[in-house]
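A.B. asks: One file: upload_13.cif (mmCIF, C-alpha atoms and all ligand atoms; chains and numbers go by the auth columns).
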```
data_run
#
loop_
_atom_site.group_PDB
_atom_site.id
_atom_site.type_symbol
_atom_site.label_atom_id
_atom_site.label_comp_id
_atom_site.label_asym_id
_atom_site.label_seq_id
_atom_site.Cartn_x
_atom_site.Cartn_y
_atom_site.Cartn_z
_atom_site.B_iso_or_equiv
_atom_site.auth_seq_id
_atom_site.auth_asym_id
ATOM 1 C CA MET A 1 11.561 -11.074 -17.811 0.00 1 A
ATOM 2 C CA ALA A 2 9.900 -8.552 -15.481 0.00 2 A
ATOM 3 C CA ASP A 3 6.828 -8.531 -17.737 0.00 3 A
ATOM 4 C CA SER A 4 6.448 -12.312 -17.588 0.00 4 A
ATOM 5 C CA ILE A 5 6.900 -12.307 -13.788 0.00 5 A
ATOM 6 C CA ASN A 6 4.207 -9.630 -13.537 0.00 6 A
ATOM 7 C CA GLU A 7 1.901 -11.670 -15.738 0.00 7 A
ATOM 8 C CA ILE A 8 2.479 -14.805 -13.682 0.00 8 A
ATOM 9 C CA ALA A 9 1.776 -12.844 -10.483 0.00 9 A
ATOM 10 C CA LYS A 10 -1.389 -11.394 -12.012 0.00 10 A
ATOM 11 C CA SER A 11 -2.626 -14.783 -13.140 0.00 11 A
ATOM 12 C CA LEU A 12 -1.946 -16.297 -9.688 0.00 12 A
ATOM 13 C CA GLN A 13 -3.785 -13.414 -8.025 0.00 13 A
ATOM 14 C CA GLN A 14 -6.784 -13.918 -10.329 0.00 14 A
ATOM 15 C CA ARG A 15 -6.894 -17.625 -9.484 0.00 15 A
ATOM 16 C CA VAL A 16 -6.682 -16.965 -5.739 0.00 16 A
ATOM 17 C CA LEU A 17 -9.499 -14.404 -5.983 0.00 17 A
ATOM 18 C CA GLU A 18 -11.774 -16.583 -8.122 0.00 18 A
ATOM 19 C CA GLY A 19 -15.188 -16.835 -6.532 0.00 19 A
ATOM 20 C CA TYR A 20 -14.899 -13.599 -4.554 0.00 20 A
ATOM 21 C CA SER A 21 -17.088 -10.586 -5.336 0.00 21 A
ATOM 22 C CA GLU A 22 -15.788 -7.449 -7.060 0.00 22 A
ATOM 23 C CA LYS A 23 -16.284 -5.534 -3.792 0.00 23 A
ATOM 24 C CA PHE A 24 -14.088 -8.048 -2.006 0.00 24 A
ATOM 25 C CA LYS A 25 -11.368 -7.842 -4.659 0.00 25 A
ATOM 26 C CA ASP A 26 -11.370 -4.050 -4.478 0.00 26 A
ATOM 27 C CA GLU A 27 -11.097 -4.057 -0.677 0.00 27 A
ATOM 28 C CA PHE A 28 -8.368 -6.700 -0.657 0.00 28 A
ATOM 29 C CA LEU A 29 -6.307 -5.171 -3.466 0.00 29 A
ATOM 30 C CA SER A 30 -6.650 -1.570 -2.176 0.00 30 A
ATOM 31 C CA PRO A 31 -7.095 -1.847 1.586 0.00 31 A
ATOM 32 C CA ARG A 32 -7.894 1.386 3.402 0.00 32 A
ATOM 33 C CA ASN A 33 -6.637 2.623 6.761 0.00 33 A
ATOM 34 C CA ILE A 34 -3.600 0.367 7.061 0.00 34 A
ATOM 35 C CA GLY A 35 -1.033 1.610 9.545 0.00 35 A
ATOM 36 C CA LYS A 36 -0.166 2.184 13.157 0.00 36 A
ATOM 37 C CA MET A 37 -0.961 5.158 15.362 0.00 37 A
ATOM 38 C CA GLN A 38 0.952 6.870 18.157 0.00 38 A
ATOM 39 C CA ASN A 39 -1.034 7.430 21.382 0.00 39 A
ATOM 40 C CA PRO A 40 -4.421 6.100 20.235 0.00 40 A
ATOM 41 C CA ASP A 41 -7.470 6.537 22.487 0.00 41 A
ATOM 42 C CA GLY A 42 -8.355 2.878 21.928 0.00 42 A
ATOM 43 C CA HIS A 43 -6.200 -0.041 20.855 0.00 43 A
ATOM 44 C CA ALA A 44 -6.559 -3.812 20.635 0.00 44 A
ATOM 45 C CA ASN A 45 -4.487 -6.690 19.367 0.00 45 A
ATOM 46 C CA ILE A 46 -6.599 -9.816 18.956 0.00 46 A
ATOM 47 C CA THR A 47 -5.575 -13.239 17.668 0.00 47 A
ATOM 48 C CA GLY A 48 -8.302 -15.393 16.136 0.00 48 A
ATOM 49 C CA ILE A 49 -8.889 -19.126 16.234 0.00 49 A
ATOM 50 C CA CYS A 50 -6.649 -19.591 13.177 0.00 50 A
ATOM 51 C CA GLY A 51 -3.678 -17.785 14.740 0.00 51 A
ATOM 52 C CA ASP A 52 -4.031 -14.623 12.634 0.00 52 A
ATOM 53 C CA THR A 53 -3.888 -11.300 14.452 0.00 53 A
ATOM 54 C CA ILE A 54 -5.506 -7.926 13.794 0.00 54 A
ATOM 55 C CA GLU A 55 -4.345 -4.822 15.604 0.00 55 A
ATOM 56 C CA MET A 56 -6.571 -1.712 15.601 0.00 56 A
ATOM 57 C CA TYR A 57 -5.916 1.828 16.754 0.00 57 A
ATOM 58 C CA LEU A 58 -8.532 4.552 17.024 0.00 58 A
ATOM 59 C CA THR A 59 -8.973 8.126 18.118 0.00 59 A
ATOM 60 C CA ILE A 60 -12.215 9.494 19.520 0.00 60 A
ATOM 61 C CA GLU A 61 -13.417 13.081 19.315 0.00 61 A
ATOM 62 C CA ASP A 62 -16.834 14.125 20.653 0.00 62 A
ATOM 63 C CA GLU A 63 -17.740 10.436 21.124 0.00 63 A
ATOM 64 C CA ARG A 64 -17.094 9.759 17.413 0.00 64 A
ATOM 65 C CA ILE A 65 -14.356 7.686 15.812 0.00 65 A
ATOM 66 C CA SER A 66 -12.293 10.417 14.199 0.00 66 A
ATOM 67 C CA ASN A 67 -9.533 8.121 12.940 0.00 67 A
ATOM 68 C CA ILE A 68 -8.920 4.370 12.813 0.00 68 A
ATOM 69 C CA LYS A 69 -6.088 2.230 11.492 0.00 69 A
ATOM 70 C CA PHE A 70 -5.258 -1.462 11.414 0.00 70 A
ATOM 71 C CA MET A 71 -2.390 -3.887 10.885 0.00 71 A
ATOM 72 C CA THR A 72 -2.660 -7.626 10.351 0.00 72 A
ATOM 73 C CA ASP A 73 -0.523 -10.645 9.618 0.00 73 A
ATOM 74 C CA GLY A 74 -3.647 -12.428 8.389 0.00 74 A
ATOM 75 C CA CYS A 75 -5.002 -13.703 5.105 0.00 75 A
ATOM 76 C CA GLY A 76 -6.588 -11.729 2.274 0.00 76 A
ATOM 77 C CA ALA A 77 -10.034 -12.032 3.824 0.00 77 A
ATOM 78 C CA THR A 78 -8.715 -10.645 7.105 0.00 78 A
ATOM 79 C CA ILE A 79 -7.271 -7.647 5.264 0.00 79 A
ATOM 80 C CA ALA A 80 -10.514 -7.045 3.362 0.00 80 A
ATOM 81 C CA CYS A 81 -12.709 -7.433 6.479 0.00 81 A
ATOM 82 C CA ALA A 82 -10.549 -5.146 8.642 0.00 82 A
ATOM 83 C CA SER A 83 -10.383 -2.554 5.851 0.00 83 A
ATOM 84 C CA TYR A 84 -14.176 -2.639 5.460 0.00 84 A
ATOM 85 C CA VAL A 85 -14.713 -2.289 9.215 0.00 85 A
ATOM 86 C CA THR A 86 -12.346 0.671 9.559 0.00 86 A
ATOM 87 C CA ARG A 87 -13.813 2.664 6.691 0.00 87 A
ATOM 88 C CA THR A 88 -17.378 1.849 7.727 0.00 88 A
ATOM 89 C CA VAL A 89 -17.005 3.060 11.323 0.00 89 A
ATOM 90 C CA LYS A 90 -14.770 6.078 10.640 0.00 90 A
ATOM 91 C CA GLY A 91 -16.804 9.181 11.564 0.00 91 A
ATOM 92 C CA LYS A 92 -19.503 7.115 13.328 0.00 92 A
ATOM 93 C CA SER A 93 -20.487 7.423 16.978 0.00 93 A
ATOM 94 C CA ILE A 94 -19.285 4.703 19.348 0.00 94 A
ATOM 95 C CA GLU A 95 -22.862 3.495 19.695 0.00 95 A
ATOM 96 C CA GLU A 96 -23.266 3.202 15.906 0.00 96 A
ATOM 97 C CA ALA A 97 -19.892 1.461 15.550 0.00 97 A
ATOM 98 C CA LEU A 98 -20.833 -1.124 18.174 0.00 98 A
ATOM 99 C CA ARG A 99 -23.855 -2.139 16.067 0.00 99 A
ATOM 100 C CA ILE A 100 -21.782 -3.478 13.145 0.00 100 A
ATOM 101 C CA LYS A 101 -21.929 -7.284 12.945 0.00 101 A
ATOM 102 C CA PRO A 102 -19.952 -9.993 11.090 0.00 102 A
ATOM 103 C CA GLU A 103 -23.123 -10.619 9.037 0.00 103 A
ATOM 104 C CA ASP A 104 -22.913 -7.021 7.710 0.00 104 A
ATOM 105 C CA ILE A 105 -19.430 -7.724 6.343 0.00 105 A
ATOM 106 C CA ASP A 106 -20.544 -11.035 4.874 0.00 106 A
ATOM 107 C CA SER A 107 -23.478 -9.382 3.188 0.00 107 A
ATOM 108 C CA TYR A 108 -21.410 -6.435 1.865 0.00 108 A
ATOM 109 C CA PHE A 109 -18.972 -8.885 0.257 0.00 109 A
ATOM 110 C CA GLU A 110 -21.924 -10.863 -1.178 0.00 110 A
ATOM 111 C CA GLY A 111 -21.055 -13.924 0.896 0.00 111 A
ATOM 112 C CA LEU A 112 -17.620 -14.806 2.210 0.00 112 A
ATOM 113 C CA PRO A 113 -16.527 -18.421 1.696 0.00 113 A
ATOM 114 C CA GLU A 114 -17.238 -20.611 4.730 0.00 114 A
ATOM 115 C CA GLU A 115 -13.533 -20.788 5.627 0.00 115 A
ATOM 116 C CA SER A 116 -13.306 -16.961 5.711 0.00 116 A
ATOM 117 C CA LYS A 117 -16.352 -16.174 7.853 0.00 117 A
ATOM 118 C CA HIS A 118 -14.247 -16.144 11.028 0.00 118 A
ATOM 119 C CA CYS A 119 -12.134 -13.320 9.521 0.00 119 A
ATOM 120 C CA ALA A 120 -15.217 -11.064 9.737 0.00 120 A
ATOM 121 C CA LYS A 121 -15.697 -12.085 13.381 0.00 121 A
ATOM 122 C CA LEU A 122 -12.061 -11.293 14.133 0.00 122 A
ATOM 123 C CA ALA A 123 -12.332 -7.822 12.549 0.00 123 A
ATOM 124 C CA ILE A 124 -15.465 -7.003 14.562 0.00 124 A
ATOM 125 C CA GLY A 125 -14.006 -8.470 17.755 0.00 125 A
ATOM 126 C CA THR A 126 -10.902 -6.318 17.396 0.00 126 A
ATOM 127 C CA LEU A 127 -12.977 -3.164 16.847 0.00 127 A
ATOM 128 C CA LYS A 128 -15.078 -3.912 19.921 0.00 128 A
ATOM 129 C CA ALA A 129 -11.992 -4.600 22.051 0.00 129 A
ATOM 130 C CA ALA A 130 -10.420 -1.273 20.969 0.00 130 A
ATOM 131 C CA LEU A 131 -13.665 0.574 21.819 0.00 131 A
ATOM 132 C CA ASN A 132 -13.845 -1.252 25.174 0.00 132 A
ATOM 133 C CA MET A 133 -10.334 -0.139 25.985 0.00 133 A
ATOM 134 C CA TYR A 134 -11.339 3.462 25.250 0.00 134 A
ATOM 135 C CA GLU A 135 -14.505 3.203 27.358 0.00 135 A
ATOM 136 C CA ASN A 136 -12.634 1.627 30.282 0.00 136 A
ATOM 137 C CA LYS A 137 -10.112 4.487 30.239 0.00 137 A
ATOM 138 C CA GLU A 138 -12.881 7.098 30.445 0.00 138 A
HETATM 139 FE FE1 LIG B . -7.973 -16.490 10.134 0.00 201 A
HETATM 140 FE FE2 LIG B . -8.425 -14.855 8.102 0.00 201 A
HETATM 141 S S1 LIG B . -7.808 -16.959 8.011 0.00 201 A
HETATM 142 S S2 LIG B . -8.502 -14.418 10.215 0.00 201 A
#
```
Would you write out, as C-alpha cells, the structure that this file holds?
Ligand code: FES
C.D. replies:
Amino acid sequence: MADSINEIAKSLQQRVLEGYSEKFKDEFLSPRNIGKMQNPDGHANITGICGDTIEMYLTIEDERISNIKFMTDGCGATIACASYVTRTVKGKSIEEALRIKPEDIDSYFEGLPEESKHCAKLAIGTLKAALNMYENKE
C-alpha cells in the first residue's frame, strides 16, 4: 500500500514538473536555506500579486551577507526562486547582492514558464526589502 502511494506521489510530482529544467527540479525538490532566524539584521515579509508571501531573514558581517534564510507559503516556483536567491547571495557583499535580477533567475532555470516569472520578481523584491531594512537601521 505504502509503495503504491509513493509511486502515485512520484508520478504526480513528475507530471507537475514536466517542462521544467533539471536545475529547477533540483532547487525545488531540495530547497536550501529554508527556516526562520532569531534577531536578524535584515528581515522582510512580502506578498506578491498572486497572494503568495516570501519571508527572508539575513545577517550581515563586514558588509557581507553571512547568513540568509527564507520561508514561503508559495508555489514550487516561489520555493525554487527563493532558494536560488538565498544561496546565490550568501557570502556576497550587499552591493553585489543588490545586482541580482529576476532575469538572472530565469536564465539560471533555463526559462521559467510565463506564469512563474513573477515568482522570481517576488524573491528578488523580498531580498531587496530585507537589505533595505538593514541599511535603514544602520
Ligand atoms: Fe505567485 Fe509563485 S505563484 S509567487
A.B. asks: Using only C-alpha atoms and all ligand atoms, which of A:Ala80, A:Cys75, A:Leu12, A:Leu131 sits nearest ligand LIG 201 (chain A)?
C.D. replies: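 Distance minimum relative to ligand LIG 201 (chain A) lands on A:Cys75.
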A.B. asks: Please expand the PyMOL selection byres (((chain A and resi 106) around 12) and not hetatm) into the concrete residues it hits in this file, giving the result as a count of residues only.
C.D. replies: 31
A.B. asks: So how many Å separate atom CA of Leu122 of chain A and atom CA of Ser83 of chain A, to one decimal?
C.D. replies: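 So the two atoms, atom CA of Leu122 of chain A and atom CA of Ser83 of chain A, lie 12.2 Å apart.
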A.B. asks: Mind pulling up the distance from atom CA of Asn132 of chain A to atom CA of Asn39 of chain A?
C.D. replies: 15.9 Å
A.B. asks: Would you write out, as a list in words, every residue that the PyMOL selection byres (((chain A and resi 32) around 9) and not hetatm) captures in this file?
C.D. replies: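 The output of the PyMOL selection byres (((chain A and resi 32) around 9) and not hetatm) on this file is Glu27, Ser30, Pro31, Asn33, Ile34, Lys69, Phe70, Ala80, Ala82, Ser83, Tyr84, Thr86 and Arg87 of chain A.
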A.B. asks: Padding 6 Å on every side, please: axis-aligned box over the listed atoms of ligand LIG 201 (chain A), centre and edge lengths to one decimal in Å, as JSON.
C.D. replies:
```
{"center_x": -8.2, "center_y": -15.7, "center_z": 9.1, "size_x": 12.7, "size_y": 14.5, "size_z": 14.2}
```
A.B. asks: Please expand the PyMOL selection byres (((chain A and resi 126) around 8) and not hetatm) into the concrete residues it hits in this file, giving the result as an NGL selection string.
C.D. replies: :A and (44-46 or 54-56 or 122-125 or 127-130)
A.B. asks: Between atom CA of Asp62 of chain A and atom CA of Lys36 of chain A, what distance in Å does the model show, to one decimal?
C.D. replies: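 Separation of atom CA of Asp62 of chain A and atom CA of Lys36 of chain A: 21.8 Å.
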